[in-house]
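Peer 1: What follows is entry_17.csv, CSV, C-alpha atoms.
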chain,number,residue,atom,x,y,z
Y,7,MET,CA,4.4,-6.0,18.7
Y,8,ASP,CA,7.7,-6.7,16.9
Y,9,ALA,CA,10.7,-4.4,16.5
Y,10,ALA,CA,9.7,-3.1,13.1
Y,11,GLU,CA,6.2,-2.3,14.2
Y,12,ALA,CA,7.4,-0.6,17.4
Y,13,LEU,CA,9.9,1.5,15.4
Y,14,VAL,CA,7.3,2.6,12.8
Y,15,ARG,CA,4.9,3.6,15.6
Y,16,ARG,CA,7.6,5.5,17.3
Y,17,PHE,CA,8.5,7.2,14.0
Y,18,TRP,CA,5.0,8.5,13.6
Y,19,ASP,CA,4.7,9.4,17.3
Y,20,CYS,CA,7.9,11.6,16.9
Y,21,ALA,CA,6.6,13.1,13.7
Y,22,ASN,CA,3.2,13.9,15.2
Y,23,THR,CA,4.8,15.6,18.2
Y,24,GLN,CA,7.4,17.4,16.1
Y,25,ASP,CA,10.1,15.6,18.1
Y,26,TRP,CA,12.7,16.0,15.3
Y,27,PRO,CA,15.8,14.9,17.4
Y,28,GLY,CA,13.8,11.8,18.4
Y,29,LEU,CA,12.9,11.2,14.8
Y,30,VAL,CA,16.4,11.4,13.4
Y,31,ARG,CA,17.6,8.9,15.9
Y,32,LEU,CA,15.3,6.3,14.4
Y,33,LEU,CA,16.7,6.8,10.9
Y,34,ALA,CA,19.8,5.3,9.2
Y,35,PRO,CA,22.0,8.2,8.1
Y,36,ASP,CA,21.8,7.0,4.4
Y,37,LEU,CA,18.0,6.6,4.6
Y,38,ARG,CA,16.3,6.4,1.2
Y,39,TYR,CA,12.8,7.9,0.9
Y,40,GLU,CA,10.9,7.3,-2.3
Y,41,LEU,CA,7.6,8.4,-3.8
Y,42,PRO,CA,7.2,6.2,-6.9
Y,43,GLN,CA,4.1,8.0,-8.1
Y,44,THR,CA,6.0,11.3,-8.6
Y,45,ARG,CA,9.5,9.8,-9.0
Y,46,GLU,CA,10.6,12.0,-6.1
Y,47,PHE,CA,13.1,10.8,-3.6
Y,48,ILE,CA,15.2,12.0,-0.7
Y,49,HIS,CA,18.6,10.5,0.2
Y,50,GLY,CA,19.7,10.9,3.8
Y,51,ALA,CA,18.1,11.3,7.2
Y,52,GLU,CA,18.9,15.0,7.4
Y,53,GLY,CA,17.0,15.8,4.2
Y,54,PHE,CA,14.1,13.6,5.2
Y,55,VAL,CA,13.6,15.3,8.5
Y,56,ASP,CA,13.9,18.7,6.7
Y,57,PHE,CA,11.0,17.5,4.4
Y,58,PHE,CA,8.8,17.1,7.5
Y,59,VAL,CA,10.1,20.2,9.3
Y,60,THR,CA,9.4,22.5,6.3
Y,61,TRP,CA,5.9,21.1,5.5
Y,62,PRO,CA,3.8,24.3,5.0
Y,63,GLN,CA,0.8,23.5,7.3
Y,64,PRO,CA,0.4,21.6,10.7
Y,65,TRP,CA,-0.4,18.0,10.1
Y,66,ARG,CA,-0.5,14.6,11.8
Y,67,VAL,CA,-0.7,11.0,10.7
Y,68,SER,CA,-3.0,8.3,12.2
Y,69,LEU,CA,-2.2,4.6,11.6
Y,70,GLU,CA,-5.1,2.5,10.4
Y,71,ARG,CA,-3.2,-0.8,9.9
Y,72,VAL,CA,0.3,-2.1,10.4
Y,73,VAL,CA,1.7,-5.4,9.1
Y,74,SER,CA,5.2,-6.2,10.2
Y,75,ASP,CA,7.6,-9.2,9.8
Y,76,GLY,CA,10.3,-7.8,12.1
Y,77,THR,CA,12.5,-6.4,9.4
Y,78,GLN,CA,9.9,-4.8,7.1
Y,79,ALA,CA,6.6,-3.1,7.9
Y,80,ALA,CA,3.7,-2.0,5.7
Y,81,VAL,CA,1.3,0.7,7.0
Y,82,GLN,CA,-2.1,2.0,5.9
Y,83,MET,CA,-2.4,5.5,7.4
Y,84,ARG,CA,-4.3,8.8,7.1
Y,85,PHE,CA,-2.7,12.2,6.8
Y,86,HIS,CA,-4.6,15.0,8.5
Y,87,ASP,CA,-4.3,18.7,8.0
Y,88,ALA,CA,-6.8,21.5,8.3
Y,89,GLN,CA,-8.3,20.8,4.8
Y,90,THR,CA,-7.9,17.2,3.9
Y,91,GLN,CA,-7.3,13.7,5.2
Y,92,PRO,CA,-5.9,11.6,2.3
Y,93,LEU,CA,-5.0,8.0,2.7
Y,94,ALA,CA,-1.4,6.9,2.3
Y,95,LEU,CA,0.5,3.6,2.3
Y,96,GLY,CA,4.1,3.1,3.5
Y,97,PHE,CA,6.6,0.4,3.3
Y,98,TYR,CA,9.5,0.6,5.8
Y,99,THR,CA,12.7,-1.5,5.7
Y,100,LEU,CA,14.8,-1.8,8.8
Y,101,ARG,CA,18.6,-2.2,9.1
Y,102,GLN,CA,20.4,-2.5,12.4
Y,103,GLY,CA,17.5,-1.2,14.4
Y,104,CYS,CA,17.0,1.9,12.2
Y,105,ILE,CA,14.6,2.7,9.3
Y,106,ALA,CA,16.8,2.5,6.2
Y,107,ALA,CA,14.2,2.8,3.5
Y,108,ILE,CA,10.7,4.2,3.1
Y,109,THR,CA,8.5,3.9,0.1
Y,110,GLU,CA,5.2,5.8,0.2
Y,111,PHE,CA,2.1,5.8,-1.9
Y,112,TRP,CA,-0.8,8.3,-2.0
Y,113,PRO,CA,-3.7,6.6,-3.9
Y,114,GLU,CA,-6.5,9.1,-4.8
Y,115,PRO,CA,-10.2,8.4,-5.3
Y,116,TYR,CA,-11.3,7.8,-8.9
Y,117,GLU,CA,-14.4,7.0,-10.8
Y,118,PRO,CA,-14.5,3.2,-11.6
Y,119,PRO,CA,-14.6,1.9,-15.2
Y,120,ALA,CA,-17.5,-0.2,-16.3
Y,121,ARG,CA,-17.1,-3.7,-14.7
Y,122,ALA,CA,-17.8,-6.9,-16.5
Y,123,SER,CA,-18.8,-8.8,-13.3
Y,124,ARG,CA,-22.3,-8.2,-11.9
Y,125,PHE,CA,-20.9,-8.9,-8.4
Y,126,VAL,CA,-19.2,-5.5,-8.1
Y,127,GLN,CA,-21.2,-3.2,-5.8
Y,128,ARG,CA,-20.5,0.4,-4.7
Y,129,ALA,CA,-20.7,1.8,-1.2
L,20,MET,CA,7.8,-17.9,4.5
L,21,ASP,CA,4.9,-17.9,6.9
L,22,ALA,CA,1.3,-19.1,6.3
L,23,ALA,CA,0.0,-15.8,5.2
L,24,GLU,CA,2.7,-15.1,2.7
L,25,ALA,CA,2.4,-18.7,1.3
L,26,LEU,CA,-1.3,-18.3,0.9
L,27,VAL,CA,-1.0,-14.9,-0.9
L,28,ARG,CA,1.6,-16.3,-3.2
L,29,ARG,CA,-0.6,-19.3,-4.0
L,30,PHE,CA,-3.5,-16.9,-4.5
L,31,TRP,CA,-1.7,-15.1,-7.3
L,32,ASP,CA,-0.2,-18.3,-8.8
L,33,CYS,CA,-3.8,-19.6,-9.1
L,34,ALA,CA,-5.0,-16.3,-10.6
L,35,ASN,CA,-2.1,-16.1,-13.1
L,36,THR,CA,-2.7,-19.7,-14.3
L,37,GLN,CA,-6.5,-19.2,-14.4
L,38,ASP,CA,-6.9,-22.0,-11.8
L,39,TRP,CA,-10.3,-20.8,-10.6
L,40,PRO,CA,-11.2,-24.0,-8.6
L,41,GLY,CA,-7.8,-23.7,-6.9
L,42,LEU,CA,-8.3,-20.0,-6.3
L,43,VAL,CA,-11.8,-20.4,-4.7
L,44,ARG,CA,-10.4,-23.0,-2.3
L,45,LEU,CA,-8.1,-20.3,-0.8
L,46,LEU,CA,-11.0,-18.0,0.0
L,47,ALA,CA,-13.4,-17.7,2.9
L,48,PRO,CA,-17.0,-18.1,1.5
L,49,ASP,CA,-17.8,-14.7,2.9
L,50,LEU,CA,-14.7,-13.0,1.5
L,51,ARG,CA,-14.9,-9.2,1.5
L,52,TYR,CA,-13.0,-7.5,-1.3
L,53,GLU,CA,-12.7,-3.7,-1.2
L,54,LEU,CA,-11.4,-0.9,-3.4
L,55,PRO,CA,-11.4,2.2,-1.2
L,56,GLN,CA,-10.5,4.6,-4.0
L,57,THR,CA,-13.7,3.8,-6.0
L,58,ARG,CA,-15.8,2.7,-3.0
L,59,GLU,CA,-16.4,-0.6,-4.9
L,60,PHE,CA,-16.7,-3.9,-3.1
L,61,ILE,CA,-17.5,-7.6,-3.6
L,62,HIS,CA,-19.0,-9.7,-0.9
L,63,GLY,CA,-18.4,-13.5,-1.3
L,64,ALA,CA,-15.8,-15.7,-2.9
L,65,GLU,CA,-18.0,-16.6,-5.8
L,66,GLY,CA,-18.4,-13.0,-6.9
L,67,PHE,CA,-14.8,-12.3,-6.4
L,68,VAL,CA,-13.7,-15.2,-8.7
L,69,ASP,CA,-16.3,-14.0,-11.2
L,70,PHE,CA,-14.6,-10.5,-11.1
L,71,PHE,CA,-11.3,-12.2,-12.2
L,72,VAL,CA,-12.9,-14.6,-14.7
L,73,THR,CA,-14.8,-11.9,-16.5
L,74,TRP,CA,-11.9,-9.5,-16.8
L,75,PRO,CA,-11.9,-8.3,-20.4
L,76,GLN,CA,-8.3,-8.9,-21.4
L,77,PRO,CA,-5.6,-11.5,-20.5
L,78,TRP,CA,-3.6,-10.3,-17.5
L,79,ARG,CA,-1.2,-11.5,-14.8
L,80,VAL,CA,0.2,-10.1,-11.6
L,81,SER,CA,3.9,-10.1,-10.5
L,82,LEU,CA,4.7,-9.6,-6.8
L,83,GLU,CA,7.4,-7.0,-6.0
L,84,ARG,CA,7.3,-7.1,-2.2
L,85,VAL,CA,5.5,-9.2,0.5
L,86,VAL,CA,5.3,-8.3,4.2
L,87,SER,CA,3.5,-10.8,6.3
L,88,ASP,CA,2.9,-11.4,10.0
L,89,GLY,CA,1.3,-14.8,9.7
L,90,THR,CA,-2.3,-13.5,9.8
L,91,GLN,CA,-2.1,-10.5,7.6
L,92,ALA,CA,0.0,-9.7,4.5
L,93,ALA,CA,0.7,-6.6,2.6
L,94,VAL,CA,1.8,-6.8,-1.1
L,95,GLN,CA,3.3,-4.4,-3.6
L,96,MET,CA,2.6,-5.8,-7.0
L,97,ARG,CA,2.4,-5.0,-10.7
L,98,PHE,CA,-0.6,-5.8,-13.0
L,99,HIS,CA,0.4,-6.7,-16.6
L,100,ASP,CA,-1.9,-6.7,-19.6
L,101,ALA,CA,-1.1,-6.0,-23.3
L,102,GLN,CA,-1.2,-2.2,-22.8
L,103,THR,CA,-0.3,-1.3,-19.3
L,104,GLN,CA,1.5,-2.4,-16.1
L,105,PRO,CA,0.1,-0.4,-13.2
L,106,LEU,CA,1.3,-0.8,-9.7
L,107,ALA,CA,-1.1,-2.0,-7.0
L,108,LEU,CA,-1.0,-2.6,-3.3
L,109,GLY,CA,-3.0,-5.2,-1.4
L,110,PHE,CA,-3.7,-6.1,2.2
L,111,TYR,CA,-4.9,-9.6,2.9
L,112,THR,CA,-6.4,-10.8,6.2
L,113,LEU,CA,-6.5,-14.5,6.9
L,114,ARG,CA,-9.1,-16.5,9.0
L,115,GLN,CA,-8.8,-20.2,9.6
L,116,GLY,CA,-6.3,-20.7,6.8
L,117,CYS,CA,-8.3,-18.8,4.2
L,118,ILE,CA,-8.2,-15.3,2.8
L,119,ALA,CA,-11.2,-13.5,4.4
L,120,ALA,CA,-10.6,-9.9,3.4
L,121,ILE,CA,-8.7,-8.1,0.6
L,122,THR,CA,-8.2,-4.3,0.4
L,123,GLU,CA,-6.6,-3.1,-2.8
L,124,PHE,CA,-5.2,0.2,-3.9
L,125,TRP,CA,-4.1,1.4,-7.3
L,126,PRO,CA,-2.0,4.6,-6.9
L,127,GLU,CA,-1.5,6.5,-10.2
L,128,PRO,CA,1.5,8.7,-11.2
L,129,TYR,CA,1.0,12.4,-10.7
L,130,GLU,CA,2.9,15.6,-11.0
L,131,PRO,CA,4.3,16.6,-7.6
L,132,PRO,CA,3.4,20.0,-6.0
L,133,ALA,CA,6.2,22.5,-5.2
L,134,ARG,CA,8.1,21.3,-2.2
L,135,ALA,CA,9.4,23.5,0.6
L,136,SER,CA,12.4,21.3,1.3
L,137,ARG,CA,15.4,21.6,-1.0
L,138,PHE,CA,16.3,18.0,-0.3
L,139,VAL,CA,13.6,16.5,-2.6
L,140,GLN,CA,15.0,15.2,-5.8
L,141,ARG,CA,13.3,13.7,-8.9
L,142,ALA,CA,14.4,10.6,-10.8
Before we go any further, please render this structure as structure tokens.

Peer 2:
Amino acid sequence: MDAAEALVRRFWDCANTQDWPGLVRLLAPDLRYELPQTREFIHGAEGFVDFFVTWPQPWRVSLERVVSDGTQAAVQMRFHDAQTQPLALGFYTLRQGCIAAITEFWPEPYEPPARASRFVQRA
Amino acid sequence: MDAAEALVRRFWDCANTQDWPGLVRLLAPDLRYELPQTREFIHGAEGFVDFFVTWPQPWRVSLERVVSDGTQAAVQMRFHDAQTQPLALGFYTLRQGCIAAITEFWPEPYEPPARASRFVQRA
């Protein structure tokens, strides 16, 4: 496991155990968090941790896949609360041993269009 | 650039230039292609290439970010046709120098819910 994967796993361990002081130590002070689908963003580690702290229900995240090259990591994960368990994808960029940028995607299920290829099946 | 990143870049170069014989040579014969959002899948390299060949309009894909660990790669990309340019995310698993599995996500824009944290801004 390389440094980026270890850091991202630690990040989610801290989040899942509400270890907010531990979490903030993993983040660059000028962290940039982006949600391209909604055009939302948070600038700064303090605001990012507040976003987690103020989440209205208990939740946790389980990691389904991690790809890391040592300075970037991409994660496929599942968010769990009492009602739902949506899938999410995150890209993490490291700088000097901290997470400096997070980009997150929340792809929702949808009905597929008609497909021209006869090879497309459906589970 | 490691082997997985090189292979994924070559995969999209072949697709963008409609080099279908070149594309099929990069794929394991038993390739598994999955779209979790629609629960669609294709089993086999032949069917996967047919899916690209039969796409109803001209298109190309540009890569915005690649994270690779040598045996897996994660890509953030943009699909371009005459009308749209949606964002997509792909995970690629290699086996013996070929792409053996592709999982693709197509996250769409959405209106954000009310946020409890005052630190969330919108671009």

Peer 1: Quick one: residues within 12 Å of (4.4, 10.9, 12.2) (file frame), counting all atoms listed in the file, please, as a PyMOL selection string.

Peer 2: chain Y and resi 13-26+28-29+55+58-59+64-69+81+83-86+96

Peer 1: Can I get the selected residues back with C-alpha atoms, as a short mmCIF file (atom, residue, chain, number, x, y, z; two decimals), in the frame of the given file?

Peer 2:
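Contents of again03.cif, freshly written:
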data_model
loop_
_atom_site.label_atom_id
_atom_site.label_comp_id
_atom_site.auth_asym_id
_atom_site.auth_seq_id
_atom_site.Cartn_x
_atom_site.Cartn_y
_atom_site.Cartn_z
CA LEU Y 13 9.90 1.50 15.40
CA VAL Y 14 7.30 2.60 12.80
CA ARG Y 15 4.90 3.60 15.60
CA ARG Y 16 7.60 5.50 17.30
CA PHE Y 17 8.50 7.20 14.00
CA TRP Y 18 5.00 8.50 13.60
CA ASP Y 19 4.70 9.40 17.30
CA CYS Y 20 7.90 11.60 16.90
CA ALA Y 21 6.60 13.10 13.70
CA ASN Y 22 3.20 13.90 15.20
CA THR Y 23 4.80 15.60 18.20
CA GLN Y 24 7.40 17.40 16.10
CA ASP Y 25 10.10 15.60 18.10
CA TRP Y 26 12.70 16.00 15.30
CA GLY Y 28 13.80 11.80 18.40
CA LEU Y 29 12.90 11.20 14.80
CA VAL Y 55 13.60 15.30 8.50
CA PHE Y 58 8.80 17.10 7.50
CA VAL Y 59 10.10 20.20 9.30
CA PRO Y 64 0.40 21.60 10.70
CA TRP Y 65 -0.40 18.00 10.10
CA ARG Y 66 -0.50 14.60 11.80
CA VAL Y 67 -0.70 11.00 10.70
CA SER Y 68 -3.00 8.30 12.20
CA LEU Y 69 -2.20 4.60 11.60
CA VAL Y 81 1.30 0.70 7.00
CA MET Y 83 -2.40 5.50 7.40
CA ARG Y 84 -4.30 8.80 7.10
CA PHE Y 85 -2.70 12.20 6.80
CA HIS Y 86 -4.60 15.00 8.50
CA GLY Y 96 4.10 3.10 3.50
#

Peer 1: Give me, as number ranges by chain, the contact residues of chain Y against chain L at a cut-off of 10 Å, counting all atoms listed in the file.

Peer 2: Y: 8, 39-50, 52-62, 71-82, 93-95, 97-98, 111-119, 121-129

Peer 1: Would you compute the distance between CA of Pro40 (chain L) and CA of Cys117 (chain L)? Give it in Å to one decimal.

Peer 2: 14.1 Å

Peer 1: Grab the CA of Val30 (chain Y) to CA of Gly103 (chain Y) distance for me, in Å with one decimal place.

Peer 2: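 Atom-to-atom, CA of Val30 (chain Y) and CA of Gly103 (chain Y) are spaced 12.7 Å apart.
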